[in-house]
Every structure is written in structure tokens, then in C-alpha cells.
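Below: one structure, written as C-alpha cells.
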Amino acid sequence: QSTWGRPDVEIDLTGELRKLKDSPVHLKEGVNYRVKLGFYVQREIVPGLKYIMATYRGPLKVDKDEVMIGSYGPKMELQHWLSECEEAPKGAMARGTYHIKSRFTDDDMHDHLTWEWAIKIKKDWKDDE
């Protein structure tokens with residue numbers, strides 16, 4: 001979702017996933033944001049698809065979130081999931097880079113996709129150049 005008149009940030013999860021953690025998404029501290037995921041279910045029903053996200057600041061895990069997305073049958077069309085609104089951390093101590101380990105898994109404990117990425121919290125949007 002567009003935030004504060006800013007364009008949406010898109011991350012391609014079909015390419016070289018190892019490069020994502022080296023190019024953080026910049027967010028202004030305290031801003032509200034949402035994560036939107038687009039995916040295909042190709043062959044079999046996916047029971048109880050979950051999005052799991054662990055957030056680290058340096059070596060310390062600072063947050064873990066597990067969200068039930070739902071069960072999906074095969075479809076030719078792209079399917080979407082939109083997260084609840086989240087607030088980026090704010091304050092001088094919260095600024096900096098957060099590394100995130102994300103994965104899609106299901107009730108059968110099948111990992112569909114695992115990737116790492118990063119968010120950089122800044123005082124203002126103008127600092128993102």
C-alpha cells in the first residue's frame with residue numbers, strides 16, 4: 001500500500017533471493033505500513049498457509065510474527081494477501097537496520113519459500129537517498 005504519498009516498494013521473490021538482505025527497504029520511523037504478497041498455487045491444495053517473520057537487530061531477535069493466511073486451491077490467477085497495518089519503530093534507539101527472516105509454510109510443515117530481507121528505519125524520508 002502507498003504510504004504518505006510514497007510509491008509502493010516491490011520486492012521480487014522470483015529472482016536472486018540472497019541479494020535482498022543487502023538492499024534494505026527504507027521506512028520513516030513511526031510510519032504505518034502493510035505487506036502485500038502475491039503468489040500462485042500451481043498443483044495441489046495448500047492447507048493452512050502461514051507467513052512467518054522473525055526480525056533481528058544485530059544478533060538479537062526483537063520480534064516474531066506468525067500470520068495464518070488461509071488454505072488455497074490451485075489457480076492460474078495470482079492470489080494476494082494483505083497484512084494488517086503495522087507501525088514502524090520510532091525514536092532514536094529504534095533507528096537502524098533490521099534483518100528479517102521470512103517464510104511461507106503450511107499445516108503439513110512444507111516450506112514453500114524462505115528468504116531474508118532488511119528494513120532500515122530512518123528519521124525522515126529525505127534520508128533515504
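Every chain in the C-alpha cells has a letter given in the order shown (A, B, ...), and although residue numbers restart at 1 in each chain, ligands are simply numbered from 1 in the order shown.
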Near A:Asp108, within 9 Å and counting only C-alpha atoms, which residues show up once chain neighbours fewer than 2 positions away are dropped, as a VMD selection string?
chain A and resid 46 to 48 105 to 106 110 to 111
Exercise: A:Ile52 partners within 9 Å, only C-alpha atoms, chain neighbours under 3 positions left out, as a ChimeraX atom specification
/A:64-68,101-105
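Closest approach to A:Asp22 from the set A:Tyr72, A:Trp117, A:Tyr98, A:Trp125 is made by A:Trp117, with distances taken over only C-alpha atoms.
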Please identify all polymer residues within 6 Å of A:Thr55, counting only C-alpha atoms, omitting same-chain residues fewer than 6 positions from it, and present them as a tab-separated table (two decimals) with N, CA, C and O atoms, in the first residue's frame.
chain	number	residue	atom	x	y	z
A	61	LYS	N	17.04	-11.38	18.39
A	61	LYS	CA	15.69	-11.45	17.83
A	61	LYS	C	14.82	-10.48	18.61
A	61	LYS	O	14.72	-10.58	19.82
A	62	VAL	N	14.22	-9.51	17.91
A	62	VAL	CA	13.41	-8.49	18.57
A	62	VAL	C	11.92	-8.69	18.36
A	62	VAL	O	11.11	-8.09	19.06
A	63	ASP	N	11.54	-9.56	17.41
A	63	ASP	CA	10.13	-9.79	17.16
A	63	ASP	C	9.96	-11.05	16.34
A	63	ASP	O	10.84	-11.43	15.56
A	99	HIS	N	17.11	-6.97	10.22
A	99	HIS	CA	17.15	-8.08	9.28
A	99	HIS	C	15.97	-8.99	9.56
A	99	HIS	O	15.66	-9.28	10.72
A	100	ILE	N	15.31	-9.42	8.50
A	100	ILE	CA	14.08	-10.20	8.64
A	100	ILE	C	14.24	-11.53	7.92
A	100	ILE	O	14.67	-11.57	6.76
Among chain A, which residues carry a DSSP assignment of helix (DSSP H, G or I), reported as a list in words?
Leu17, Arg18, Lys19, Leu20, Lys21, Asp22, Ala92, Met93, Ala94, Trp125, Lys126, Asp127 and Asp128 of chain A
At what distance in Å, to one decimal, does atom CA of A:Lys50 lie from atom CA of A:Ile119?
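Calculated distance between atom CA of A:Ile119 and atom CA of A:Lys50 is 21.1 Å.
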Pairwise distance for atom CA of A:Leu113 and atom CA of A:Glu84, rounded to one decimal in Å:
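Between atom CA of A:Leu113 and atom CA of A:Glu84 the gap works out to 20.9 Å.
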So which bits of chain A end up strand (DSSP E or B) when you DSSP the backbone, as a PDB file with N, CA, C and O atoms, in the first residue's frame?
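Okay, this is what ended up in selection_32.pdb:
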ATOM      1  N   THR A   3       2.247   4.687   1.093  1.00  0.00           N
ATOM      2  CA  THR A   3       2.332   5.279   2.416  1.00  0.00           C
ATOM      3  C   THR A   3       2.789   6.723   2.309  1.00  0.00           C
ATOM      4  O   THR A   3       3.812   6.996   1.712  1.00  0.00           O
ATOM      5  N   ARG A   6       4.021   8.074  -0.866  1.00  0.00           N
ATOM      6  CA  ARG A   6       5.207   7.422  -1.413  1.00  0.00           C
ATOM      7  C   ARG A   6       4.775   6.254  -2.302  1.00  0.00           C
ATOM      8  O   ARG A   6       3.766   5.611  -2.034  1.00  0.00           O
ATOM      9  N   VAL A  25      14.821  -2.017   2.626  1.00  0.00           N
ATOM     10  CA  VAL A  25      13.692  -1.142   2.330  1.00  0.00           C
ATOM     11  C   VAL A  25      13.736  -0.021   3.365  1.00  0.00           C
ATOM     12  O   VAL A  25      13.831  -0.287   4.558  1.00  0.00           O
ATOM     13  N   HIS A  26      13.696   1.223   2.922  1.00  0.00           N
ATOM     14  CA  HIS A  26      13.773   2.364   3.837  1.00  0.00           C
ATOM     15  C   HIS A  26      12.374   2.775   4.288  1.00  0.00           C
ATOM     16  O   HIS A  26      11.464   2.910   3.476  1.00  0.00           O
ATOM     17  N   LEU A  27      12.220   2.951   5.594  1.00  0.00           N
ATOM     18  CA  LEU A  27      10.970   3.416   6.180  1.00  0.00           C
ATOM     19  C   LEU A  27      11.243   4.581   7.122  1.00  0.00           C
ATOM     20  O   LEU A  27      12.233   4.574   7.849  1.00  0.00           O
ATOM     21  N   LYS A  28      10.350   5.543   7.104  1.00  0.00           N
ATOM     22  CA  LYS A  28      10.408   6.632   8.083  1.00  0.00           C
ATOM     23  C   LYS A  28       9.913   6.084   9.416  1.00  0.00           C
ATOM     24  O   LYS A  28       8.933   5.340   9.470  1.00  0.00           O
ATOM     25  N   ASN A  32       3.014   4.033   9.318  1.00  0.00           N
ATOM     26  CA  ASN A  32       2.215   2.820   9.191  1.00  0.00           C
ATOM     27  C   ASN A  32       2.486   2.195   7.829  1.00  0.00           C
ATOM     28  O   ASN A  32       2.566   2.912   6.827  1.00  0.00           O
ATOM     29  N   TYR A  33       2.605   0.879   7.808  1.00  0.00           N
ATOM     30  CA  TYR A  33       2.855   0.182   6.551  1.00  0.00           C
ATOM     31  C   TYR A  33       2.144  -1.163   6.556  1.00  0.00           C
ATOM     32  O   TYR A  33       1.719  -1.653   7.592  1.00  0.00           O
ATOM     33  N   LYS A  36       2.090  -6.719   1.303  1.00  0.00           N
ATOM     34  CA  LYS A  36       1.183  -7.380   0.374  1.00  0.00           C
ATOM     35  C   LYS A  36       1.982  -8.432  -0.379  1.00  0.00           C
ATOM     36  O   LYS A  36       3.044  -8.135  -0.932  1.00  0.00           O
ATOM     37  N   LEU A  37       1.487  -9.657  -0.351  1.00  0.00           N
ATOM     38  CA  LEU A  37       2.167 -10.758  -1.023  1.00  0.00           C
ATOM     39  C   LEU A  37       1.295 -11.294  -2.145  1.00  0.00           C
ATOM     40  O   LEU A  37       0.092 -11.479  -1.969  1.00  0.00           O
ATOM     41  N   GLY A  38       1.903 -11.520  -3.293  1.00  0.00           N
ATOM     42  CA  GLY A  38       1.227 -12.141  -4.420  1.00  0.00           C
ATOM     43  C   GLY A  38       1.855 -13.501  -4.667  1.00  0.00           C
ATOM     44  O   GLY A  38       3.077 -13.631  -4.639  1.00  0.00           O
ATOM     45  N   PHE A  39       1.035 -14.527  -4.889  1.00  0.00           N
ATOM     46  CA  PHE A  39       1.571 -15.879  -5.064  1.00  0.00           C
ATOM     47  C   PHE A  39       0.636 -16.722  -5.919  1.00  0.00           C
ATOM     48  O   PHE A  39      -0.548 -16.415  -6.070  1.00  0.00           O
ATOM     49  N   VAL A  46      -3.057 -26.059  -0.867  1.00  0.00           N
ATOM     50  CA  VAL A  46      -2.136 -25.680   0.203  1.00  0.00           C
ATOM     51  C   VAL A  46      -2.974 -25.455   1.459  1.00  0.00           C
ATOM     52  O   VAL A  46      -3.694 -24.468   1.564  1.00  0.00           O
ATOM     53  N   PRO A  47      -2.895 -26.405   2.411  1.00  0.00           N
ATOM     54  CA  PRO A  47      -3.716 -26.274   3.619  1.00  0.00           C
ATOM     55  C   PRO A  47      -3.042 -25.390   4.667  1.00  0.00           C
ATOM     56  O   PRO A  47      -1.879 -25.578   5.005  1.00  0.00           O
ATOM     57  N   GLY A  48      -3.744 -24.407   5.161  1.00  0.00           N
ATOM     58  CA  GLY A  48      -3.246 -23.588   6.264  1.00  0.00           C
ATOM     59  C   GLY A  48      -1.943 -22.864   5.957  1.00  0.00           C
ATOM     60  O   GLY A  48      -0.977 -22.969   6.707  1.00  0.00           O
ATOM     61  N   LEU A  49      -1.904 -22.104   4.867  1.00  0.00           N
ATOM     62  CA  LEU A  49      -0.706 -21.351   4.512  1.00  0.00           C
ATOM     63  C   LEU A  49      -0.443 -20.287   5.572  1.00  0.00           C
ATOM     64  O   LEU A  49      -1.349 -19.564   5.985  1.00  0.00           O
ATOM     65  N   LYS A  50       0.805 -20.208   6.046  1.00  0.00           N
ATOM     66  CA  LYS A  50       1.200 -19.238   7.075  1.00  0.00           C
ATOM     67  C   LYS A  50       2.395 -18.432   6.588  1.00  0.00           C
ATOM     68  O   LYS A  50       3.262 -18.945   5.888  1.00  0.00           O
ATOM     69  N   TYR A  51       2.422 -17.178   7.017  1.00  0.00           N
ATOM     70  CA  TYR A  51       3.580 -16.311   6.798  1.00  0.00           C
ATOM     71  C   TYR A  51       4.246 -16.129   8.154  1.00  0.00           C
ATOM     72  O   TYR A  51       3.618 -15.671   9.106  1.00  0.00           O
ATOM     73  N   ILE A  52       5.510 -16.514   8.239  1.00  0.00           N
ATOM     74  CA  ILE A  52       6.271 -16.398   9.484  1.00  0.00           C
ATOM     75  C   ILE A  52       7.418 -15.431   9.243  1.00  0.00           C
ATOM     76  O   ILE A  52       8.146 -15.548   8.259  1.00  0.00           O
ATOM     77  N   MET A  53       7.566 -14.480  10.170  1.00  0.00           N
ATOM     78  CA  MET A  53       8.585 -13.436  10.015  1.00  0.00           C
ATOM     79  C   MET A  53       9.282 -13.244  11.360  1.00  0.00           C
ATOM     80  O   MET A  53       8.635 -12.948  12.360  1.00  0.00           O
ATOM     81  N   ALA A  54      10.604 -13.440  11.377  1.00  0.00           N
ATOM     82  CA  ALA A  54      11.408 -13.187  12.576  1.00  0.00           C
ATOM     83  C   ALA A  54      12.291 -11.979  12.281  1.00  0.00           C
ATOM     84  O   ALA A  54      12.973 -11.932  11.258  1.00  0.00           O
ATOM     85  N   THR A  55      12.272 -10.991  13.172  1.00  0.00           N
ATOM     86  CA  THR A  55      13.013  -9.742  12.976  1.00  0.00           C
ATOM     87  C   THR A  55      14.177  -9.680  13.951  1.00  0.00           C
ATOM     88  O   THR A  55      14.014  -9.921  15.147  1.00  0.00           O
ATOM     89  N   TYR A  56      15.352  -9.327  13.420  1.00  0.00           N
ATOM     90  CA  TYR A  56      16.579  -9.261  14.215  1.00  0.00           C
ATOM     91  C   TYR A  56      17.195  -7.882  14.114  1.00  0.00           C
ATOM     92  O   TYR A  56      17.160  -7.251  13.064  1.00  0.00           O
ATOM     93  N   ARG A  57      17.751  -7.440  15.207  1.00  0.00           N
ATOM     94  CA  ARG A  57      18.564  -6.210  15.233  1.00  0.00           C
ATOM     95  C   ARG A  57      19.918  -6.666  15.723  1.00  0.00           C
ATOM     96  O   ARG A  57      20.080  -7.016  16.899  1.00  0.00           O
ATOM     97  N   LEU A  60      20.325 -10.116  17.965  1.00  0.00           N
ATOM     98  CA  LEU A  60      19.175 -10.318  18.850  1.00  0.00           C
ATOM     99  C   LEU A  60      17.855 -10.371  18.088  1.00  0.00           C
ATOM    100  O   LEU A  60      17.557  -9.494  17.266  1.00  0.00           O
ATOM    101  N   LYS A  61      17.039 -11.379  18.393  1.00  0.00           N
ATOM    102  CA  LYS A  61      15.695 -11.452  17.826  1.00  0.00           C
ATOM    103  C   LYS A  61      14.821 -10.480  18.610  1.00  0.00           C
ATOM    104  O   LYS A  61      14.717 -10.576  19.824  1.00  0.00           O
ATOM    105  N   VAL A  62      14.217  -9.510  17.906  1.00  0.00           N
ATOM    106  CA  VAL A  62      13.409  -8.490  18.571  1.00  0.00           C
ATOM    107  C   VAL A  62      11.917  -8.692  18.360  1.00  0.00           C
ATOM    108  O   VAL A  62      11.112  -8.090  19.061  1.00  0.00           O
ATOM    109  N   ASP A  63      11.540  -9.557  17.411  1.00  0.00           N
ATOM    110  CA  ASP A  63      10.129  -9.788  17.161  1.00  0.00           C
ATOM    111  C   ASP A  63       9.957 -11.052  16.338  1.00  0.00           C
ATOM    112  O   ASP A  63      10.840 -11.427  15.559  1.00  0.00           O
ATOM    113  N   LYS A  64       8.830 -11.718  16.530  1.00  0.00           N
ATOM    114  CA  LYS A  64       8.456 -12.852  15.692  1.00  0.00           C
ATOM    115  C   LYS A  64       6.958 -12.778  15.496  1.00  0.00           C
ATOM    116  O   LYS A  64       6.210 -12.557  16.437  1.00  0.00           O
ATOM    117  N   ASP A  65       6.543 -12.938  14.253  1.00  0.00           N
ATOM    118  CA  ASP A  65       5.134 -12.852  13.922  1.00  0.00           C
ATOM    119  C   ASP A  65       4.766 -14.040  13.040  1.00  0.00           C
ATOM    120  O   ASP A  65       5.503 -14.387  12.121  1.00  0.00           O
ATOM    121  N   GLU A  66       3.653 -14.665  13.339  1.00  0.00           N
ATOM    122  CA  GLU A  66       3.141 -15.771  12.532  1.00  0.00           C
ATOM    123  C   GLU A  66       1.694 -15.454  12.194  1.00  0.00           C
ATOM    124  O   GLU A  66       0.870 -15.261  13.085  1.00  0.00           O
ATOM    125  N   VAL A  67       1.399 -15.392  10.902  1.00  0.00           N
ATOM    126  CA  VAL A  67       0.074 -14.994  10.450  1.00  0.00           C
ATOM    127  C   VAL A  67      -0.514 -16.106   9.586  1.00  0.00           C
ATOM    128  O   VAL A  67       0.110 -16.532   8.611  1.00  0.00           O
ATOM    129  N   MET A  68      -1.703 -16.555   9.932  1.00  0.00           N
ATOM    130  CA  MET A  68      -2.413 -17.532   9.118  1.00  0.00           C
ATOM    131  C   MET A  68      -3.006 -16.804   7.928  1.00  0.00           C
ATOM    132  O   MET A  68      -3.786 -15.853   8.075  1.00  0.00           O
ATOM    133  N   ILE A  69      -2.620 -17.226   6.733  1.00  0.00           N
ATOM    134  CA  ILE A  69      -3.115 -16.607   5.513  1.00  0.00           C
ATOM    135  C   ILE A  69      -4.373 -17.323   5.034  1.00  0.00           C
ATOM    136  O   ILE A  69      -5.319 -16.705   4.597  1.00  0.00           O
ATOM    137  N   GLY A  70      -4.384 -18.664   5.135  1.00  0.00           N
ATOM    138  CA  GLY A  70      -5.566 -19.430   4.744  1.00  0.00           C
ATOM    139  C   GLY A  70      -5.195 -20.638   3.915  1.00  0.00           C
ATOM    140  O   GLY A  70      -4.028 -20.918   3.677  1.00  0.00           O
ATOM    141  N   SER A  71      -6.199 -21.361   3.472  1.00  0.00           N
ATOM    142  CA  SER A  71      -5.998 -22.523   2.610  1.00  0.00           C
ATOM    143  C   SER A  71      -6.361 -22.130   1.181  1.00  0.00           C
ATOM    144  O   SER A  71      -7.329 -21.396   0.956  1.00  0.00           O
ATOM    145  N   TYR A  72      -5.587 -22.624   0.222  1.00  0.00           N
ATOM    146  CA  TYR A  72      -5.761 -22.218  -1.169  1.00  0.00           C
ATOM    147  C   TYR A  72      -5.690 -23.430  -2.086  1.00  0.00           C
ATOM    148  O   TYR A  72      -4.848 -24.299  -1.920  1.00  0.00           O
ATOM    149  N   GLN A  79      -2.801 -14.860  -6.653  1.00  0.00           N
ATOM    150  CA  GLN A  79      -3.588 -14.657  -5.445  1.00  0.00           C
ATOM    151  C   GLN A  79      -2.833 -13.688  -4.541  1.00  0.00           C
ATOM    152  O   GLN A  79      -1.615 -13.623  -4.587  1.00  0.00           O
ATOM    153  N   HIS A  80      -3.563 -12.937  -3.712  1.00  0.00           N
ATOM    154  CA  HIS A  80      -2.944 -11.906  -2.887  1.00  0.00           C
ATOM    155  C   HIS A  80      -3.326 -12.055  -1.422  1.00  0.00           C
ATOM    156  O   HIS A  80      -4.404 -12.540  -1.092  1.00  0.00           O
ATOM    157  N   TRP A  81      -2.425 -11.600  -0.575  1.00  0.00           N
ATOM    158  CA  TRP A  81      -2.670 -11.475   0.862  1.00  0.00           C
ATOM    159  C   TRP A  81      -2.133 -10.123   1.287  1.00  0.00           C
ATOM    160  O   TRP A  81      -1.043  -9.708   0.883  1.00  0.00           O
ATOM    161  N   LEU A  82      -2.901  -9.392   2.101  1.00  0.00           N
ATOM    162  CA  LEU A  82      -2.511  -8.078   2.591  1.00  0.00           C
ATOM    163  C   LEU A  82      -2.501  -8.113   4.113  1.00  0.00           C
ATOM    164  O   LEU A  82      -3.502  -8.473   4.737  1.00  0.00           O
ATOM    165  N   GLU A  86       0.833  -2.162  10.227  1.00  0.00           N
ATOM    166  CA  GLU A  86       1.880  -2.206  11.246  1.00  0.00           C
ATOM    167  C   GLU A  86       2.495  -0.818  11.372  1.00  0.00           C
ATOM    168  O   GLU A  86       2.476  -0.033  10.429  1.00  0.00           O
ATOM    169  N   GLU A  87       3.057  -0.524  12.525  1.00  0.00           N
ATOM    170  CA  GLU A  87       3.745   0.744  12.729  1.00  0.00           C
ATOM    171  C   GLU A  87       5.240   0.477  12.840  1.00  0.00           C
ATOM    172  O   GLU A  87       5.671  -0.371  13.627  1.00  0.00           O
ATOM    173  N   GLY A  96      17.778   2.391  12.530  1.00  0.00           N
ATOM    174  CA  GLY A  96      18.836   1.479  12.120  1.00  0.00           C
ATOM    175  C   GLY A  96      18.276   0.369  11.252  1.00  0.00           C
ATOM    176  O   GLY A  96      17.146   0.429  10.777  1.00  0.00           O
ATOM    177  N   THR A  97      19.075  -0.650  11.046  1.00  0.00           N
ATOM    178  CA  THR A  97      18.720  -1.740  10.146  1.00  0.00           C
ATOM    179  C   THR A  97      18.229  -2.958  10.914  1.00  0.00           C
ATOM    180  O   THR A  97      18.837  -3.356  11.904  1.00  0.00           O
ATOM    181  N   TYR A  98      17.145  -3.512  10.436  1.00  0.00           N
ATOM    182  CA  TYR A  98      16.550  -4.733  10.987  1.00  0.00           C
ATOM    183  C   TYR A  98      16.603  -5.801   9.895  1.00  0.00           C
ATOM    184  O   TYR A  98      16.189  -5.547   8.764  1.00  0.00           O
ATOM    185  N   HIS A  99      17.108  -6.967  10.223  1.00  0.00           N
ATOM    186  CA  HIS A  99      17.152  -8.082   9.279  1.00  0.00           C
ATOM    187  C   HIS A  99      15.966  -8.990   9.561  1.00  0.00           C
ATOM    188  O   HIS A  99      15.655  -9.283  10.719  1.00  0.00           O
ATOM    189  N   ILE A 100      15.310  -9.422   8.503  1.00  0.00           N
ATOM    190  CA  ILE A 100      14.079 -10.200   8.645  1.00  0.00           C
ATOM    191  C   ILE A 100      14.236 -11.530   7.916  1.00  0.00           C
ATOM    192  O   ILE A 100      14.669 -11.570   6.763  1.00  0.00           O
ATOM    193  N   LYS A 101      13.885 -12.594   8.615  1.00  0.00           N
ATOM    194  CA  LYS A 101      13.850 -13.926   8.020  1.00  0.00           C
ATOM    195  C   LYS A 101      12.386 -14.278   7.843  1.00  0.00           C
ATOM    196  O   LYS A 101      11.640 -14.363   8.813  1.00  0.00           O
ATOM    197  N   SER A 102      11.969 -14.444   6.590  1.00  0.00           N
ATOM    198  CA  SER A 102      10.569 -14.711   6.276  1.00  0.00           C
ATOM    199  C   SER A 102      10.433 -16.074   5.620  1.00  0.00           C
ATOM    200  O   SER A 102      11.351 -16.547   4.951  1.00  0.00           O
ATOM    201  N   ARG A 103       9.256 -16.675   5.811  1.00  0.00           N
ATOM    202  CA  ARG A 103       8.973 -17.930   5.114  1.00  0.00           C
ATOM    203  C   ARG A 103       7.486 -18.170   5.025  1.00  0.00           C
ATOM    204  O   ARG A 103       6.708 -17.700   5.848  1.00  0.00           O
ATOM    205  N   PHE A 104       7.120 -18.887   3.977  1.00  0.00           N
ATOM    206  CA  PHE A 104       5.779 -19.425   3.805  1.00  0.00           C
ATOM    207  C   PHE A 104       5.848 -20.898   4.154  1.00  0.00           C
ATOM    208  O   PHE A 104       6.674 -21.633   3.623  1.00  0.00           O
ATOM    209  N   THR A 105       4.975 -21.335   5.026  1.00  0.00           N
ATOM    210  CA  THR A 105       4.883 -22.742   5.367  1.00  0.00           C
ATOM    211  C   THR A 105       3.402 -23.086   5.470  1.00  0.00           C
ATOM    212  O   THR A 105       2.555 -22.200   5.421  1.00  0.00           O
ATOM    213  N   ASP A 111       7.758 -26.110   3.668  1.00  0.00           N
ATOM    214  CA  ASP A 111       8.222 -24.740   3.443  1.00  0.00           C
ATOM    215  C   ASP A 111       8.154 -24.443   1.947  1.00  0.00           C
ATOM    216  O   ASP A 111       8.853 -25.073   1.145  1.00  0.00           O
ATOM    217  N   HIS A 112       7.329 -23.475   1.579  1.00  0.00           N
ATOM    218  CA  HIS A 112       7.144 -23.133   0.178  1.00  0.00           C
ATOM    219  C   HIS A 112       8.177 -22.119  -0.305  1.00  0.00           C
ATOM    220  O   HIS A 112       8.595 -22.166  -1.451  1.00  0.00           O
ATOM    221  N   LEU A 113       8.570 -21.204   0.578  1.00  0.00           N
ATOM    222  CA  LEU A 113       9.560 -20.186   0.209  1.00  0.00           C
ATOM    223  C   LEU A 113      10.157 -19.610   1.481  1.00  0.00           C
ATOM    224  O   LEU A 113       9.431 -19.308   2.431  1.00  0.00           O
ATOM    225  N   THR A 114      11.473 -19.480   1.492  1.00  0.00           N
ATOM    226  CA  THR A 114      12.184 -18.863   2.614  1.00  0.00           C
ATOM    227  C   THR A 114      13.131 -17.814   2.031  1.00  0.00           C
ATOM    228  O   THR A 114      13.808 -18.070   1.039  1.00  0.00           O
ATOM    229  N   TRP A 115      13.149 -16.621   2.657  1.00  0.00           N
ATOM    230  CA  TRP A 115      14.056 -15.567   2.188  1.00  0.00           C
ATOM    231  C   TRP A 115      14.372 -14.628   3.337  1.00  0.00           C
ATOM    232  O   TRP A 115      13.702 -14.608   4.345  1.00  0.00           O
ATOM    233  N   GLU A 116      15.449 -13.873   3.160  1.00  0.00           N
ATOM    234  CA  GLU A 116      15.848 -12.858   4.130  1.00  0.00           C
ATOM    235  C   GLU A 116      15.854 -11.504   3.441  1.00  0.00           C
ATOM    236  O   GLU A 116      16.206 -11.400   2.270  1.00  0.00           O
ATOM    237  N   TRP A 117      15.473 -10.498   4.195  1.00  0.00           N
ATOM    238  CA  TRP A 117      15.453  -9.141   3.672  1.00  0.00           C
ATOM    239  C   TRP A 117      15.711  -8.180   4.820  1.00  0.00           C
ATOM    240  O   TRP A 117      15.941  -8.620   5.943  1.00  0.00           O
ATOM    241  N   ALA A 118      15.714  -6.892   4.557  1.00  0.00           N
ATOM    242  CA  ALA A 118      16.053  -5.925   5.604  1.00  0.00           C
ATOM    243  C   ALA A 118      15.194  -4.671   5.467  1.00  0.00           C
ATOM    244  O   ALA A 118      14.747  -4.318   4.385  1.00  0.00           O
ATOM    245  N   ILE A 119      14.982  -4.038   6.617  1.00  0.00           N
ATOM    246  CA  ILE A 119      14.314  -2.734   6.690  1.00  0.00           C
ATOM    247  C   ILE A 119      15.268  -1.782   7.398  1.00  0.00           C
ATOM    248  O   ILE A 119      15.872  -2.148   8.399  1.00  0.00           O
ATOM    249  N   LYS A 120      15.379  -0.579   6.873  1.00  0.00           N
ATOM    250  CA  LYS A 120      16.189   0.443   7.523  1.00  0.00           C
ATOM    251  C   LYS A 120      15.263   1.563   7.980  1.00  0.00           C
ATOM    252  O   LYS A 120      14.594   2.202   7.167  1.00  0.00           O
ATOM    253  N   ILE A 121      15.199   1.772   9.303  1.00  0.00           N
ATOM    254  CA  ILE A 121      14.353   2.816   9.881  1.00  0.00           C
ATOM    255  C   ILE A 121      15.169   4.104   9.955  1.00  0.00           C
ATOM    256  O   ILE A 121      16.261   4.120  10.518  1.00  0.00           O
ATOM    257  N   LYS A 122      14.611   5.162   9.361  1.00  0.00           N
ATOM    258  CA  LYS A 122      15.289   6.463   9.343  1.00  0.00           C
ATOM    259  C   LYS A 122      14.392   7.518   9.970  1.00  0.00           C
ATOM    260  O   LYS A 122      13.188   7.329  10.088  1.00  0.00           O
TER     261      LYS A 122
END
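Each of A:Ile45, A:Ala88, A:Leu20, A:Ala94 was compared to A:Pro74 using only C-alpha atoms, and A:Ile45 turns out to be the nearest.
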